[in-house]
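Source file work-v5.cif; content: mmCIF, C-alpha atoms.
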```
data_work
#
loop_
_atom_site.group_PDB
_atom_site.id
_atom_site.type_symbol
_atom_site.label_atom_id
_atom_site.label_comp_id
_atom_site.auth_asym_id
_atom_site.auth_seq_id
_atom_site.Cartn_x
_atom_site.Cartn_y
_atom_site.Cartn_z
ATOM 1 C CA VAL A 126 88.852 -73.188 -159.245
ATOM 2 C CA GLN A 127 85.174 -74.212 -159.253
ATOM 3 C CA LEU A 128 82.396 -71.819 -158.306
ATOM 4 C CA GLN A 129 79.066 -73.096 -157.005
ATOM 5 C CA ALA A 130 76.248 -70.564 -156.932
ATOM 6 C CA SER A 131 73.118 -71.272 -154.915
ATOM 7 C CA GLY A 132 70.145 -69.583 -153.286
ATOM 8 C CA GLY A 133 68.045 -68.741 -156.312
ATOM 9 C CA GLY A 134 64.333 -69.364 -156.474
ATOM 10 C CA LEU A 135 60.870 -68.032 -157.200
ATOM 11 C CA VAL A 136 59.742 -65.042 -155.149
ATOM 12 C CA GLN A 137 57.098 -62.341 -155.277
ATOM 13 C CA VAL A 138 57.713 -58.685 -156.016
ATOM 14 C CA GLY A 139 59.206 -56.922 -153.011
ATOM 15 C CA GLU A 140 60.591 -60.049 -151.405
ATOM 16 C CA SER A 141 64.236 -60.901 -150.742
ATOM 17 C CA LEU A 142 66.735 -63.588 -151.643
ATOM 18 C CA ARG A 143 70.319 -64.258 -150.638
ATOM 19 C CA LEU A 144 72.628 -65.836 -153.163
ATOM 20 C CA SER A 145 75.844 -67.609 -152.216
ATOM 21 C CA CYS A 146 78.844 -68.534 -154.301
ATOM 22 C CA ALA A 147 81.405 -70.923 -152.870
ATOM 23 C CA ALA A 148 84.798 -71.440 -154.449
ATOM 24 C CA SER A 149 86.570 -74.775 -154.264
ATOM 25 C CA GLY A 150 89.231 -76.796 -155.989
ATOM 26 C CA ARG A 151 92.949 -77.119 -156.206
ATOM 27 C CA THR A 152 93.530 -73.418 -156.906
ATOM 28 C CA VAL A 153 90.995 -72.062 -154.431
ATOM 29 C CA SER A 154 93.731 -70.339 -152.421
ATOM 30 C CA THR A 155 94.191 -67.880 -155.266
ATOM 31 C CA VAL A 156 90.608 -66.639 -154.939
ATOM 32 C CA SER A 157 91.173 -64.852 -151.633
ATOM 33 C CA ASN A 158 93.476 -62.327 -153.335
ATOM 34 C CA ASN A 159 91.089 -61.547 -156.162
ATOM 35 C CA GLY A 160 88.023 -59.465 -156.569
ATOM 36 C CA MET A 161 84.782 -61.285 -157.265
ATOM 37 C CA GLY A 162 81.533 -60.351 -158.869
ATOM 38 C CA TRP A 163 77.955 -61.208 -159.658
ATOM 39 C CA PHE A 164 76.507 -60.975 -163.156
ATOM 40 C CA ARG A 165 73.102 -61.875 -164.515
ATOM 41 C CA GLN A 166 71.581 -62.822 -167.833
ATOM 42 C CA ALA A 167 67.925 -62.559 -168.656
ATOM 43 C CA PRO A 168 66.375 -64.446 -171.615
ATOM 44 C CA GLY A 169 67.275 -62.778 -174.886
ATOM 45 C CA LYS A 170 69.634 -60.324 -173.237
ATOM 46 C CA GLU A 171 73.373 -60.087 -172.811
ATOM 47 C CA ARG A 172 75.030 -60.915 -169.524
ATOM 48 C CA GLU A 173 75.314 -57.798 -167.375
ATOM 49 C CA PHE A 174 77.288 -56.783 -164.336
ATOM 50 C CA VAL A 175 75.371 -56.657 -161.065
ATOM 51 C CA ALA A 176 77.877 -56.189 -158.245
ATOM 52 C CA GLY A 177 81.551 -56.616 -157.463
ATOM 53 C CA ILE A 178 83.756 -56.736 -154.396
ATOM 54 C CA SER A 179 87.477 -56.350 -153.858
ATOM 55 C CA TRP A 180 89.788 -59.005 -152.415
ATOM 56 C CA ASN A 181 89.332 -57.793 -148.834
ATOM 57 C CA GLY A 182 85.777 -56.525 -149.125
ATOM 58 C CA GLY A 183 86.848 -52.922 -148.793
ATOM 59 C CA ILE A 184 85.624 -51.877 -152.222
ATOM 60 C CA THR A 185 82.210 -52.681 -153.634
ATOM 61 C CA SER A 186 80.498 -51.567 -156.802
ATOM 62 C CA TYR A 187 76.978 -51.954 -158.139
ATOM 63 C CA SER A 188 75.073 -51.421 -161.325
ATOM 64 C CA ASN A 189 72.656 -48.522 -161.200
ATOM 65 C CA SER A 190 69.722 -50.892 -161.526
ATOM 66 C CA VAL A 191 70.444 -52.641 -158.213
ATOM 67 C CA LYS A 192 72.179 -49.932 -156.187
ATOM 68 C CA GLY A 193 70.438 -49.460 -152.870
ATOM 69 C CA ARG A 194 68.627 -52.802 -153.084
ATOM 70 C CA PHE A 195 71.434 -55.367 -153.403
ATOM 71 C CA THR A 196 74.436 -55.863 -151.143
ATOM 72 C CA ILE A 197 77.514 -57.900 -151.986
ATOM 73 C CA SER A 198 79.750 -59.318 -149.266
ATOM 74 C CA ARG A 199 82.411 -61.969 -148.878
ATOM 75 C CA ASP A 200 83.789 -64.337 -146.288
ATOM 76 C CA ARG A 201 87.413 -64.930 -147.242
ATOM 77 C CA ALA A 202 87.828 -67.718 -144.710
ATOM 78 C CA LYS A 203 85.030 -69.643 -146.417
ATOM 79 C CA ASN A 204 85.986 -68.584 -149.967
ATOM 80 C CA THR A 205 82.400 -67.494 -150.393
ATOM 81 C CA ILE A 206 80.662 -64.380 -151.620
ATOM 82 C CA TYR A 207 77.055 -63.420 -151.085
ATOM 83 C CA LEU A 208 74.477 -61.251 -152.778
ATOM 84 C CA GLN A 209 71.654 -60.027 -150.580
ATOM 85 C CA MET A 210 68.819 -58.971 -152.847
ATOM 86 C CA ASN A 211 65.995 -56.912 -151.365
ATOM 87 C CA SER A 212 62.930 -55.279 -152.881
ATOM 88 C CA LEU A 213 63.083 -57.604 -155.856
ATOM 89 C CA LYS A 214 61.405 -56.586 -159.095
ATOM 90 C CA PRO A 215 60.321 -58.587 -162.151
ATOM 91 C CA ASP A 216 63.236 -57.013 -164.060
ATOM 92 C CA ASP A 217 65.603 -58.818 -161.671
ATOM 93 C CA THR A 218 64.518 -62.145 -163.160
ATOM 94 C CA ALA A 219 67.602 -63.790 -164.650
ATOM 95 C CA VAL A 220 70.233 -66.444 -164.196
ATOM 96 C CA TYR A 221 72.796 -65.096 -161.757
ATOM 97 C CA TYR A 222 76.458 -65.993 -162.157
ATOM 98 C CA CYS A 223 79.404 -65.445 -159.870
ATOM 99 C CA ALA A 224 82.916 -64.963 -161.131
ATOM 100 C CA VAL A 225 86.498 -64.440 -159.998
ATOM 101 C CA ALA A 226 88.141 -61.246 -161.189
ATOM 102 C CA ARG A 227 91.575 -61.180 -162.783
ATOM 103 C CA SER A 228 92.630 -58.461 -160.350
ATOM 104 C CA ALA A 229 92.190 -57.583 -156.702
ATOM 105 C CA VAL A 230 89.478 -55.029 -157.362
ATOM 106 C CA PRO A 231 86.077 -55.511 -158.977
ATOM 107 C CA SER A 232 85.263 -54.541 -162.538
ATOM 108 C CA SER A 233 82.022 -54.301 -164.466
ATOM 109 C CA ALA A 234 83.555 -55.785 -167.622
ATOM 110 C CA ASN A 235 82.892 -59.414 -168.468
ATOM 111 C CA ASN A 236 86.407 -59.963 -169.760
ATOM 112 C CA SER A 237 87.883 -58.839 -166.439
ATOM 113 C CA TYR A 238 86.817 -62.152 -164.902
ATOM 114 C CA ARG A 239 88.626 -65.452 -165.339
ATOM 115 C CA SER A 240 86.414 -68.081 -163.738
ATOM 116 C CA TRP A 241 82.648 -68.420 -163.817
ATOM 117 C CA GLY A 242 80.104 -70.455 -161.871
ATOM 118 C CA GLN A 243 77.212 -72.365 -163.396
ATOM 119 C CA GLY A 244 74.491 -69.879 -162.435
ATOM 120 C CA THR A 245 71.392 -69.926 -160.279
ATOM 121 C CA GLN A 246 67.915 -68.940 -161.474
ATOM 122 C CA VAL A 247 66.101 -66.049 -159.845
ATOM 123 C CA THR A 248 62.488 -65.486 -160.845
ATOM 124 C CA VAL A 249 60.457 -62.583 -159.512
ATOM 125 C CA SER A 250 56.750 -62.916 -160.042
ATOM 126 C CA SER A 251 54.297 -60.051 -160.061
#
```

Is it possible to give me this structure as structure tokens?
Amino acid sequence: VQLQASGGGLVQVGESLRLSCAASGRTVSTVSNNGMGWFRQAPGKEREFVAGISWNGGITSYSNSVKGRFTISRDRAKNTIYLQMNSLKPDDTAVYYCAVARSAVPSSANNSYRSWGQGTQVTVSS
């Protein structure tokens, strides 16, 4: 399966962005039964979990740093997940990656994900 993340850009503090991640490929049908997640990696830092969502959207989880500001959602029919990011801060600046979980529920662990997208840059300027 291939994952294409999009929607990143340069914004000011307090503004919003909506990221999308579309799955495609020969094995895309397997994605609808798996959890998916968003991670991010800032320069000089390790990749960190941001948000995850279960196969049917019924379970979501967030890192403490984005809880209350970011919302993850998915459209199973389109094999796409989204990350609505509000009240952006300079600390949110990073490359954002989407990934397909190995199970039906989301996890915050990197090794719980089996497929990764190429990333989209989000820069928040003060």

Let me know the residues the PyMOL selection byres ((chain A and resi 145) around 6) catches in the file above, as a PyMOL selection string. chain A and resi 130-131+144+146+206-207

Could you tell me how far CA of Ala167 (chain A) lies from CA of Val126 (chain A), in Å and to one decimal? 25.3 Å

If you count only C-alpha atoms, which residues fall within 12 Å of Thr152 (chain A), apart from same-chain ones fewer than 2 positions away, as a PyMOL selection string? chain A and resi 126-128+148-150+154-158+204+225+240

Atoms kept (C-alpha atoms) for selection, written as a compact mmCIF listing (two decimals), in the coordinates of the input:
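Contents of again_3.txt, freshly written:
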```txt
# COMPACT_ATOMS: atom_id res chain seq x y z
CA VAL A 126 88.85 -73.19 -159.24
CA GLN A 127 85.17 -74.21 -159.25
CA LEU A 128 82.40 -71.82 -158.31
CA ALA A 148 84.80 -71.44 -154.45
CA SER A 149 86.57 -74.78 -154.26
CA GLY A 150 89.23 -76.80 -155.99
CA SER A 154 93.73 -70.34 -152.42
CA THR A 155 94.19 -67.88 -155.27
CA VAL A 156 90.61 -66.64 -154.94
CA SER A 157 91.17 -64.85 -151.63
CA ASN A 158 93.48 -62.33 -153.34
CA ASN A 204 85.99 -68.58 -149.97
CA VAL A 225 86.50 -64.44 -160.00
CA SER A 240 86.41 -68.08 -163.74
```

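With all atoms listed in the file as the atoms that count, the residue of A:Ala229, A:Ala234, A:Leu213, A:Val220 with the shortest distance to Glu140 (chain A) is A:Leu213.
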
How far is it from CA of Trp241 (chain A) to CA of Lys203 (chain A), in Å with one decimal? 17.6 Å

Pick out the residues sitting within 12 Å of Gly169 (chain A), and hand them over as a PDB file with C-alpha atoms, keeping the file's coordinate frame; count all atoms listed in the file, and ignore anything fewer than 3 positions along from it in its own chain.
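Ended up saving to result_17.pdb:
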```pdb
ATOM      1  CA  ARG A 165      73.102 -61.875-164.515  1.00  0.00           C
ATOM      2  CA  GLN A 166      71.581 -62.822-167.833  1.00  0.00           C
ATOM      3  CA  ARG A 172      75.030 -60.915-169.524  1.00  0.00           C
ATOM      4  CA  ALA A 219      67.602 -63.790-164.650  1.00  0.00           C
ATOM      5  CA  VAL A 220      70.233 -66.444-164.196  1.00  0.00           C
TER       6      VAL A 220
END
```

Just how far from CA of Leu135 (chain A) is CA of Tyr238 (chain A), in Å to one decimal? 27.7 Å

With all atoms listed in the file as the counted atoms, please give the residues lying no more than 12 Å from Gly132 (chain A), apart from itself and same-chain residues fewer than 6 positions off, as a PyMOL selection string. chain A and resi 141-147+206-210+220-222+244-248

Provide region 188-199 of chain A rebuilt to all heavy atoms, formatted as a compact mmCIF listing (two decimals), in the coordinates of the input.
```txt
# COMPACT_ATOMS: atom_id res chain seq x y z
N SER A 188 75.72 -52.02 -160.18
CA SER A 188 75.07 -51.42 -161.32
C SER A 188 74.00 -50.47 -160.82
O SER A 188 73.47 -50.63 -159.70
CB SER A 188 74.45 -52.49 -162.22
OG SER A 188 73.35 -53.11 -161.55
N ASN A 189 73.66 -49.50 -161.62
CA ASN A 189 72.66 -48.52 -161.20
C ASN A 189 71.30 -49.17 -160.94
O ASN A 189 70.53 -48.72 -160.10
CB ASN A 189 72.51 -47.44 -162.27
CG ASN A 189 73.70 -46.50 -162.30
OD1 ASN A 189 74.40 -46.33 -161.31
ND2 ASN A 189 73.95 -45.91 -163.46
N SER A 190 71.03 -50.25 -161.65
CA SER A 190 69.72 -50.89 -161.53
C SER A 190 69.51 -51.61 -160.20
O SER A 190 68.37 -51.87 -159.82
CB SER A 190 69.51 -51.88 -162.68
OG SER A 190 70.50 -52.90 -162.64
N VAL A 191 70.60 -51.91 -159.48
CA VAL A 191 70.44 -52.64 -158.21
C VAL A 191 70.96 -51.85 -157.02
O VAL A 191 70.77 -52.28 -155.88
CB VAL A 191 71.15 -54.01 -158.26
CG1 VAL A 191 70.69 -54.81 -159.47
CG2 VAL A 191 72.67 -53.86 -158.24
N LYS A 192 71.60 -50.73 -157.27
CA LYS A 192 72.18 -49.93 -156.19
C LYS A 192 71.09 -49.55 -155.19
O LYS A 192 70.02 -49.07 -155.57
CB LYS A 192 72.84 -48.68 -156.77
CG LYS A 192 73.79 -47.98 -155.83
CD LYS A 192 74.52 -46.85 -156.56
CE LYS A 192 75.40 -47.40 -157.65
NZ LYS A 192 76.17 -46.33 -158.35
N GLY A 193 71.40 -49.76 -153.92
CA GLY A 193 70.44 -49.46 -152.87
C GLY A 193 69.52 -50.62 -152.51
O GLY A 193 68.85 -50.58 -151.48
N ARG A 194 69.48 -51.63 -153.36
CA ARG A 194 68.63 -52.80 -153.08
C ARG A 194 69.45 -54.07 -152.84
O ARG A 194 69.04 -54.92 -152.06
CB ARG A 194 67.68 -53.05 -154.27
CG ARG A 194 66.74 -51.91 -154.56
CD ARG A 194 65.71 -52.31 -155.62
NE ARG A 194 66.32 -52.62 -156.91
CZ ARG A 194 66.20 -53.80 -157.54
NH1 ARG A 194 65.47 -54.76 -157.00
NH2 ARG A 194 66.77 -54.00 -158.72
N PHE A 195 70.59 -54.18 -153.52
CA PHE A 195 71.43 -55.37 -153.40
C PHE A 195 72.69 -55.03 -152.61
O PHE A 195 73.21 -53.91 -152.68
CB PHE A 195 71.86 -55.87 -154.78
CG PHE A 195 70.76 -56.47 -155.62
CD1 PHE A 195 69.42 -56.36 -155.25
CD2 PHE A 195 71.07 -57.14 -156.79
CE1 PHE A 195 68.42 -56.91 -156.03
CE2 PHE A 195 70.07 -57.70 -157.57
CZ PHE A 195 68.75 -57.57 -157.19
N THR A 196 73.19 -56.02 -151.89
CA THR A 196 74.44 -55.86 -151.14
C THR A 196 75.32 -57.08 -151.37
O THR A 196 74.89 -58.22 -151.15
CB THR A 196 74.17 -55.71 -149.64
OG1 THR A 196 73.31 -54.58 -149.42
CG2 THR A 196 75.48 -55.49 -148.89
N ILE A 197 76.55 -56.82 -151.79
CA ILE A 197 77.51 -57.90 -151.99
C ILE A 197 78.45 -57.94 -150.79
O ILE A 197 78.81 -56.90 -150.23
CB ILE A 197 78.31 -57.72 -153.30
CG1 ILE A 197 79.18 -58.94 -153.58
CG2 ILE A 197 79.14 -56.44 -153.27
CD1 ILE A 197 79.83 -58.92 -154.97
N SER A 198 78.82 -59.15 -150.38
CA SER A 198 79.75 -59.32 -149.27
C SER A 198 80.56 -60.58 -149.50
O SER A 198 80.24 -61.38 -150.40
CB SER A 198 79.00 -59.40 -147.93
OG SER A 198 78.11 -60.51 -147.92
N ARG A 199 81.61 -60.76 -148.71
CA ARG A 199 82.41 -61.97 -148.88
C ARG A 199 82.95 -62.41 -147.53
O ARG A 199 83.19 -61.60 -146.64
CB ARG A 199 83.53 -61.76 -149.88
CG ARG A 199 84.70 -60.90 -149.43
CD ARG A 199 85.69 -60.69 -150.58
NE ARG A 199 86.32 -61.94 -151.01
CZ ARG A 199 87.05 -62.04 -152.13
NH1 ARG A 199 87.21 -60.99 -152.92
NH2 ARG A 199 87.61 -63.19 -152.45
```
